[in-house]
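> Sending over a structure as structure tokens; questions will come in a sec.
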Amino acid sequence: MFEIICGTNRVSSRSLEICNLLKARYEKLGEQAQVMDLRDIEMSAMDSAPYTDQRPDSLLKAVERVNKARGLIVVCPEYNGSYPGILKYFIDHWQYPQSYESRPVCFVGLGGSFGGLRPVEHLQGVVGYRNAFIFPERVFLSNIWSVLKDGVITDETMEQLLQQQVEGFCRFVKGLESQELDANTRLSKAEA
Ligand SMILES: Cc1cc2nc3c(=O)[nH]c(=O)nc-3n(C[C@H](O)[C@H](O)[C@H](O)COP(=O)(O)O)c2cc1C
């Protein structure tokens with residue numbers, strides 16, 4: 001399963017629209033994909049319970065989905081020069097090494113002039129530190145408010161870059177799997 005993580009829990013999020021658009025593309029290539037909507041995870045109170053053994057079920061289930069994903073696609077908006085705090089809060093509940101180590105990860109940024117370059121680079125630092133396999137072809141959707149109309153990308157170049165990324169990331173994941181380098185193969189070998 002490819003997990004497409006929406007990097008915000010904002011109502012009427014454009015990132016979520018992009019996630020849904022990507023899901024359809026992965027499925028068109030015959031891959032199973034699902035969108036992870038942070039609004040479905042009980043952590044908005046921002047209290048300390050999620051860091052304890054009182055973790056809400058929805059949070060445990062979401063982390064389990066990360067731990068089993070063949071690949072993670074993170075669609076991340078720029079909020080104040082970085083990625084949304086809620087995404088970091090979620091990531092801080094992932095497990096090491098299961099969630100990160102050797103897990104293929106791919107990024108789509110969105111925002112104003114820089115198209116989410118800053119949040120994506122910050123995220124690359126985080127998952128890179130935790131030894132994920134980062135797919136190098138990132139896509140940046142600049143001036144997202146003029147580019148995304150009714151769930152459709154209206155800019156032809158951005159549209160092509162997204163499609164190339166989807167196809168390239170599938171090949172990247174299959175390549176790692178064929179050599180048994182991916183997180184899921186490593187985890188199943190460690191358990192055996
Ligand atoms: C709290 C907040 C902070 C933002 N800060 C930036 C920013 O620093 N740079 C930028 O290019 N866009 C910024 N934006 C614009 C967003 O990147 C843009 O509205 C995008 O659609 C947000 O993604 P979302 O629709 O999924 O929430 C900000 C938007 C919000 C809501």
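Residue names in the structure tokens use chain letters A, B, ... in the order shown, residue numbers from 1 in each chain, and ligand numbers from 1 in the order shown.
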Using only C-alpha atoms, which residues sit within 7 Å of region 135-152 of chain A once same-chain residues fewer than 6 positions away are excluded, as an MDAnalysis selection string?

chainID A and resid 17 104:117 158 161:162 165 169

> Could those residues be written to a file, using N, CA and C atoms, as a PDB file, in the first residue's frame?


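The file below, selection14.pdb, is the result:
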ATOM      1  N   GLU A  17      -6.653  17.969  -1.561  1.00  0.00           N
ATOM      2  CA  GLU A  17      -7.100  17.822  -2.962  1.00  0.00           C
ATOM      3  C   GLU A  17      -6.004  17.180  -3.799  1.00  0.00           C
ATOM      4  N   PRO A 104      10.820   4.023   1.658  1.00  0.00           N
ATOM      5  CA  PRO A 104      10.840   4.961   0.537  1.00  0.00           C
ATOM      6  C   PRO A 104       9.860   6.129   0.776  1.00  0.00           C
ATOM      7  N   VAL A 105      10.358   7.343   0.585  1.00  0.00           N
ATOM      8  CA  VAL A 105       9.529   8.527   0.831  1.00  0.00           C
ATOM      9  C   VAL A 105       9.682   9.497  -0.328  1.00  0.00           C
ATOM     10  N   CYS A 106       8.571  10.096  -0.708  1.00  0.00           N
ATOM     11  CA  CYS A 106       8.569  11.028  -1.836  1.00  0.00           C
ATOM     12  C   CYS A 106       7.794  12.278  -1.428  1.00  0.00           C
ATOM     13  N   PHE A 107       8.152  13.426  -1.974  1.00  0.00           N
ATOM     14  CA  PHE A 107       7.570  14.681  -1.502  1.00  0.00           C
ATOM     15  C   PHE A 107       6.959  15.535  -2.612  1.00  0.00           C
ATOM     16  N   VAL A 108       5.802  16.099  -2.277  1.00  0.00           N
ATOM     17  CA  VAL A 108       5.191  17.147  -3.116  1.00  0.00           C
ATOM     18  C   VAL A 108       4.994  18.352  -2.199  1.00  0.00           C
ATOM     19  N   GLY A 109       5.520  19.500  -2.612  1.00  0.00           N
ATOM     20  CA  GLY A 109       5.347  20.714  -1.818  1.00  0.00           C
ATOM     21  C   GLY A 109       4.358  21.632  -2.491  1.00  0.00           C
ATOM     22  N   LEU A 110       3.708  22.473  -1.690  1.00  0.00           N
ATOM     23  CA  LEU A 110       2.842  23.491  -2.286  1.00  0.00           C
ATOM     24  C   LEU A 110       2.837  24.745  -1.426  1.00  0.00           C
ATOM     25  N   GLY A 111       2.661  25.862  -2.116  1.00  0.00           N
ATOM     26  CA  GLY A 111       2.661  27.127  -1.388  1.00  0.00           C
ATOM     27  C   GLY A 111       2.660  28.296  -2.352  1.00  0.00           C
ATOM     28  N   GLY A 112       3.323  29.372  -1.943  1.00  0.00           N
ATOM     29  CA  GLY A 112       3.397  30.573  -2.784  1.00  0.00           C
ATOM     30  C   GLY A 112       4.509  30.443  -3.821  1.00  0.00           C
ATOM     31  N   SER A 113       5.321  31.483  -3.958  1.00  0.00           N
ATOM     32  CA  SER A 113       6.334  31.519  -5.037  1.00  0.00           C
ATOM     33  C   SER A 113       7.278  30.330  -5.010  1.00  0.00           C
ATOM     34  N   PHE A 114       7.610  29.837  -3.828  1.00  0.00           N
ATOM     35  CA  PHE A 114       8.609  28.772  -3.748  1.00  0.00           C
ATOM     36  C   PHE A 114       7.998  27.364  -3.754  1.00  0.00           C
ATOM     37  N   GLY A 115       6.691  27.283  -3.859  1.00  0.00           N
ATOM     38  CA  GLY A 115       6.028  25.990  -4.047  1.00  0.00           C
ATOM     39  C   GLY A 115       6.294  24.966  -2.960  1.00  0.00           C
ATOM     40  N   GLY A 116       6.543  25.439  -1.754  1.00  0.00           N
ATOM     41  CA  GLY A 116       6.750  24.474  -0.669  1.00  0.00           C
ATOM     42  C   GLY A 116       8.150  23.892  -0.630  1.00  0.00           C
ATOM     43  N   LEU A 117       9.113  24.568  -1.256  1.00  0.00           N
ATOM     44  CA  LEU A 117      10.506  24.092  -1.219  1.00  0.00           C
ATOM     45  C   LEU A 117      11.015  24.001   0.228  1.00  0.00           C
ATOM     46  N   MET A 158       3.499  21.503 -14.403  1.00  0.00           N
ATOM     47  CA  MET A 158       3.351  20.906 -13.065  1.00  0.00           C
ATOM     48  C   MET A 158       2.609  19.573 -13.145  1.00  0.00           C
ATOM     49  N   LEU A 161       5.065  17.029 -14.345  1.00  0.00           N
ATOM     50  CA  LEU A 161       6.047  16.697 -13.304  1.00  0.00           C
ATOM     51  C   LEU A 161       5.440  15.757 -12.263  1.00  0.00           C
ATOM     52  N   LEU A 162       4.174  16.013 -11.936  1.00  0.00           N
ATOM     53  CA  LEU A 162       3.500  15.141 -10.964  1.00  0.00           C
ATOM     54  C   LEU A 162       3.384  13.720 -11.501  1.00  0.00           C
ATOM     55  N   GLN A 165       6.622  11.991 -11.472  1.00  0.00           N
ATOM     56  CA  GLN A 165       6.995  11.597 -10.114  1.00  0.00           C
ATOM     57  C   GLN A 165       6.284  10.312  -9.704  1.00  0.00           C
ATOM     58  N   PHE A 169       8.396   7.155  -8.815  1.00  0.00           N
ATOM     59  CA  PHE A 169       8.404   6.650  -7.427  1.00  0.00           C
ATOM     60  C   PHE A 169       8.009   5.173  -7.401  1.00  0.00           C
TER      61      PHE A 169
END

> Could you pull the residues within 7 Å of Ala183 (chain A), counting only C-alpha atoms, minus those fewer than 3 positions along the same chain, as a ChimeraX atom specification?

/A:101-103,186-187

> Selected residues, N, CA and C atoms, written as an mmCIF file, in the first residue's frame, please.


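As written to disk, again-v7.cif reads:
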data_model
loop_
_atom_site.group_PDB
_atom_site.id
_atom_site.type_symbol
_atom_site.label_atom_id
_atom_site.label_comp_id
_atom_site.auth_asym_id
_atom_site.auth_seq_id
_atom_site.Cartn_x
_atom_site.Cartn_y
_atom_site.Cartn_z
ATOM 1 N N GLU A 101 13.264 3.762 8.874
ATOM 2 C CA GLU A 101 14.488 3.174 8.334
ATOM 3 C C GLU A 101 14.242 2.420 7.022
ATOM 4 N N SER A 102 14.902 2.850 5.967
ATOM 5 C CA SER A 102 14.816 2.245 4.626
ATOM 6 C C SER A 102 13.430 2.376 4.002
ATOM 7 N N ARG A 103 12.600 3.231 4.553
ATOM 8 C CA ARG A 103 11.259 3.379 3.981
ATOM 9 C C ARG A 103 11.321 4.398 2.841
ATOM 10 N N ARG A 186 13.135 -5.619 5.026
ATOM 11 C CA ARG A 186 14.092 -5.652 6.150
ATOM 12 C C ARG A 186 13.396 -6.004 7.455
ATOM 13 N N LEU A 187 12.203 -5.432 7.646
ATOM 14 C CA LEU A 187 11.477 -5.712 8.894
ATOM 15 C C LEU A 187 11.043 -7.168 8.948
#

> Need the shell around Asn80 (chain A): protein/DNA/RNA residues with any atom at most 12 Å away, counting only C-alpha atoms. Skip same-chain ones fewer than 2 positions apart. Format as a list of chain:residue names?

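The contact residues come out as A:Pro77, A:Glu78, A:Ser82, A:Tyr83, A:Pro84, A:Gly85, A:Gly111, A:Gly112, A:Gly116, A:Arg118, A:Pro119.
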
> Where in region 2-138 of chain A does DSSP assign strand (DSSP E or B), given as a PyMOL selection string?

chain A and resi 2-6+33-36+71-77+79+82+104-110+133-134

> How about saving the chosen residues, N, CA and C atoms kept, as an mmCIF file, in the first residue's frame?


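File written: part.cif
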data_model
loop_
_atom_site.group_PDB
_atom_site.id
_atom_site.type_symbol
_atom_site.label_atom_id
_atom_site.label_comp_id
_atom_site.auth_asym_id
_atom_site.auth_seq_id
_atom_site.Cartn_x
_atom_site.Cartn_y
_atom_site.Cartn_z
ATOM 1 N N PHE A 2 0.546 2.200 -0.879
ATOM 2 C CA PHE A 2 1.199 3.513 -0.844
ATOM 3 C C PHE A 2 0.345 4.427 0.039
ATOM 4 N N GLU A 3 0.971 5.037 1.021
ATOM 5 C CA GLU A 3 0.260 5.951 1.921
ATOM 6 C C GLU A 3 0.545 7.386 1.482
ATOM 7 N N ILE A 4 -0.507 8.108 1.172
ATOM 8 C CA ILE A 4 -0.351 9.510 0.740
ATOM 9 C C ILE A 4 -0.758 10.390 1.918
ATOM 10 N N ILE A 5 0.232 10.992 2.562
ATOM 11 C CA ILE A 5 -0.017 11.725 3.809
ATOM 12 C C ILE A 5 -0.271 13.198 3.510
ATOM 13 N N CYS A 6 -1.415 13.666 3.968
ATOM 14 C CA CYS A 6 -1.718 15.091 3.822
ATOM 15 C C CYS A 6 -1.046 15.813 4.988
ATOM 16 N N ALA A 33 -3.354 2.537 -3.160
ATOM 17 C CA ALA A 33 -2.950 3.776 -2.489
ATOM 18 C C ALA A 33 -4.101 4.273 -1.639
ATOM 19 N N GLN A 34 -3.762 4.871 -0.502
ATOM 20 C CA GLN A 34 -4.807 5.499 0.305
ATOM 21 C C GLN A 34 -4.280 6.796 0.907
ATOM 22 N N VAL A 35 -5.234 7.697 1.154
ATOM 23 C CA VAL A 35 -4.881 9.018 1.679
ATOM 24 C C VAL A 35 -4.973 8.977 3.197
ATOM 25 N N MET A 36 -3.968 9.548 3.853
ATOM 26 C CA MET A 36 -4.013 9.675 5.300
ATOM 27 C C MET A 36 -4.341 11.135 5.624
ATOM 28 N N GLY A 71 5.462 2.641 0.359
ATOM 29 C CA GLY A 71 6.061 3.944 0.119
ATOM 30 C C GLY A 71 5.189 5.018 0.747
ATOM 31 N N LEU A 72 5.834 6.096 1.192
ATOM 32 C CA LEU A 72 5.091 7.232 1.748
ATOM 33 C C LEU A 72 5.211 8.397 0.768
ATOM 34 N N ILE A 73 4.084 9.004 0.476
ATOM 35 C CA ILE A 73 4.099 10.215 -0.344
ATOM 36 C C ILE A 73 3.598 11.322 0.573
ATOM 37 N N VAL A 74 4.428 12.314 0.836
ATOM 38 C CA VAL A 74 4.013 13.383 1.742
ATOM 39 C C VAL A 74 3.696 14.624 0.909
ATOM 40 N N VAL A 75 2.455 15.065 1.015
ATOM 41 C CA VAL A 75 2.020 16.277 0.307
ATOM 42 C C VAL A 75 1.989 17.379 1.347
ATOM 43 N N CYS A 76 2.912 18.339 1.206
ATOM 44 C CA CYS A 76 3.123 19.256 2.318
ATOM 45 C C CYS A 76 3.041 20.727 1.935
ATOM 46 N N PRO A 77 2.165 21.469 2.596
ATOM 47 C CA PRO A 77 2.075 22.907 2.327
ATOM 48 C C PRO A 77 3.109 23.682 3.136
ATOM 49 N N TYR A 79 3.752 26.495 5.698
ATOM 50 C CA TYR A 79 3.135 27.333 6.723
ATOM 51 C C TYR A 79 4.289 28.064 7.414
ATOM 52 N N SER A 82 7.888 26.796 6.837
ATOM 53 C CA SER A 82 8.215 25.396 7.137
ATOM 54 C C SER A 82 6.970 24.544 6.915
ATOM 55 N N PRO A 104 10.820 4.023 1.658
ATOM 56 C CA PRO A 104 10.840 4.961 0.537
ATOM 57 C C PRO A 104 9.860 6.129 0.776
ATOM 58 N N VAL A 105 10.358 7.343 0.585
ATOM 59 C CA VAL A 105 9.529 8.527 0.831
ATOM 60 C C VAL A 105 9.682 9.497 -0.328
ATOM 61 N N CYS A 106 8.571 10.096 -0.708
ATOM 62 C CA CYS A 106 8.569 11.028 -1.836
ATOM 63 C C CYS A 106 7.794 12.278 -1.428
ATOM 64 N N PHE A 107 8.152 13.426 -1.974
ATOM 65 C CA PHE A 107 7.570 14.681 -1.502
ATOM 66 C C PHE A 107 6.959 15.535 -2.612
ATOM 67 N N VAL A 108 5.802 16.099 -2.277
ATOM 68 C CA VAL A 108 5.191 17.147 -3.116
ATOM 69 C C VAL A 108 4.994 18.352 -2.199
ATOM 70 N N GLY A 109 5.520 19.500 -2.612
ATOM 71 C CA GLY A 109 5.347 20.714 -1.818
ATOM 72 C C GLY A 109 4.358 21.632 -2.491
ATOM 73 N N LEU A 110 3.708 22.473 -1.690
ATOM 74 C CA LEU A 110 2.842 23.491 -2.286
ATOM 75 C C LEU A 110 2.837 24.745 -1.426
ATOM 76 N N PHE A 133 14.678 6.168 2.642
ATOM 77 C CA PHE A 133 15.140 6.307 1.259
ATOM 78 C C PHE A 133 14.334 7.430 0.610
ATOM 79 N N ILE A 134 14.979 8.536 0.364
ATOM 80 C CA ILE A 134 14.267 9.693 -0.203
ATOM 81 C C ILE A 134 14.333 9.642 -1.727
#

> How many Å lie between CA of Arg65 (chain A) and CA of Tyr96 (chain A), rounded to one decimal?

14.1 Å

> Using only C-alpha atoms, can you tell me which of A:Asp57, A:Leu29, A:Arg14, A:Lys88 comes closest to Gly168 (chain A)?

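Of A:Asp57, A:Leu29, A:Arg14, A:Lys88, the one nearest Gly168 (chain A), counting only C-alpha atoms, is A:Leu29.
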
> Choose the residue, out of A:Arg25, A:Arg171, A:Arg39, A:Arg130, that has the smallest atom-to-atom separation from ligand 1; count only C-alpha atoms and all ligand atoms.

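Comparing A:Arg25, A:Arg171, A:Arg39, A:Arg130 against ligand 1, the winner is A:Arg39.
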
> Which of these, A:Met1, A:Ile18, A:Val173, A:Ala24, has the shortest distance to ligand 1 once you count only C-alpha atoms and all ligand atoms?

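With only C-alpha atoms and all ligand atoms as the atom set, the closest residue is A:Ile18.
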
> Mind checking which residues fall within 8 Å of Val63 (chain A), counting only C-alpha atoms, ignoring those fewer than 4 positions away in the same chain, and posting them as an MDAnalysis selection string?

chainID A and resid 59 67 93:95 99

> Between A:Met43, A:Lys28, A:Ile86, A:Gln163, which has the minimum distance to ligand 1 (counting only C-alpha atoms and all ligand atoms)?

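Among A:Met43, A:Lys28, A:Ile86, A:Gln163, it is A:Ile86 that comes nearest to ligand 1.
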
> Could you check which of A:Arg70, A:Gln54, A:Asp47, A:Val120 is closest to ligand 1, using only C-alpha atoms and all ligand atoms?

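With only C-alpha atoms and all ligand atoms as the atom set, the closest residue is A:Val120.
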
> CA of Ser48 (chain A) and CA of Asp92 (chain A), how far apart in Å?

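We find that CA of Asp92 (chain A) and CA of Ser48 (chain A) lie 12.0 Å from each other.
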
> Rounded to one decimal, what separation in Å do you get between atom 21 (O, counted along the ligand's line) of ligand 1 and CA of Val166 (chain A)?

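The value is 20.9 Å.
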
> Name the closest residue to Leu123 (chain A) among the candidates A:Leu176, A:Ile91, A:Ala62, A:Ile153; distances are taken between atoms, counting only C-alpha atoms.

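Looking only at the distances to Leu123 (chain A), the closest residue turns out to be A:Ile91.
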
> According to DSSP computed on the backbone, where in chain A is there alpha helix (DSSP H)? Give the residues as a PyMOL selection string.

chain A and resi 14-28+57-68+85-91+117-129+144-147+156-178+183-191

> Find the residues around Ser58 (chain A) up to 8 Å (only C-alpha atoms counted), leave out those fewer than 4 positions away in its own chain, and share them as a list of chain:residue names.

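Skipping anything fewer than 4 positions along the chain leaves A:Asp40, A:Ile41, A:Glu42, A:Ala62.
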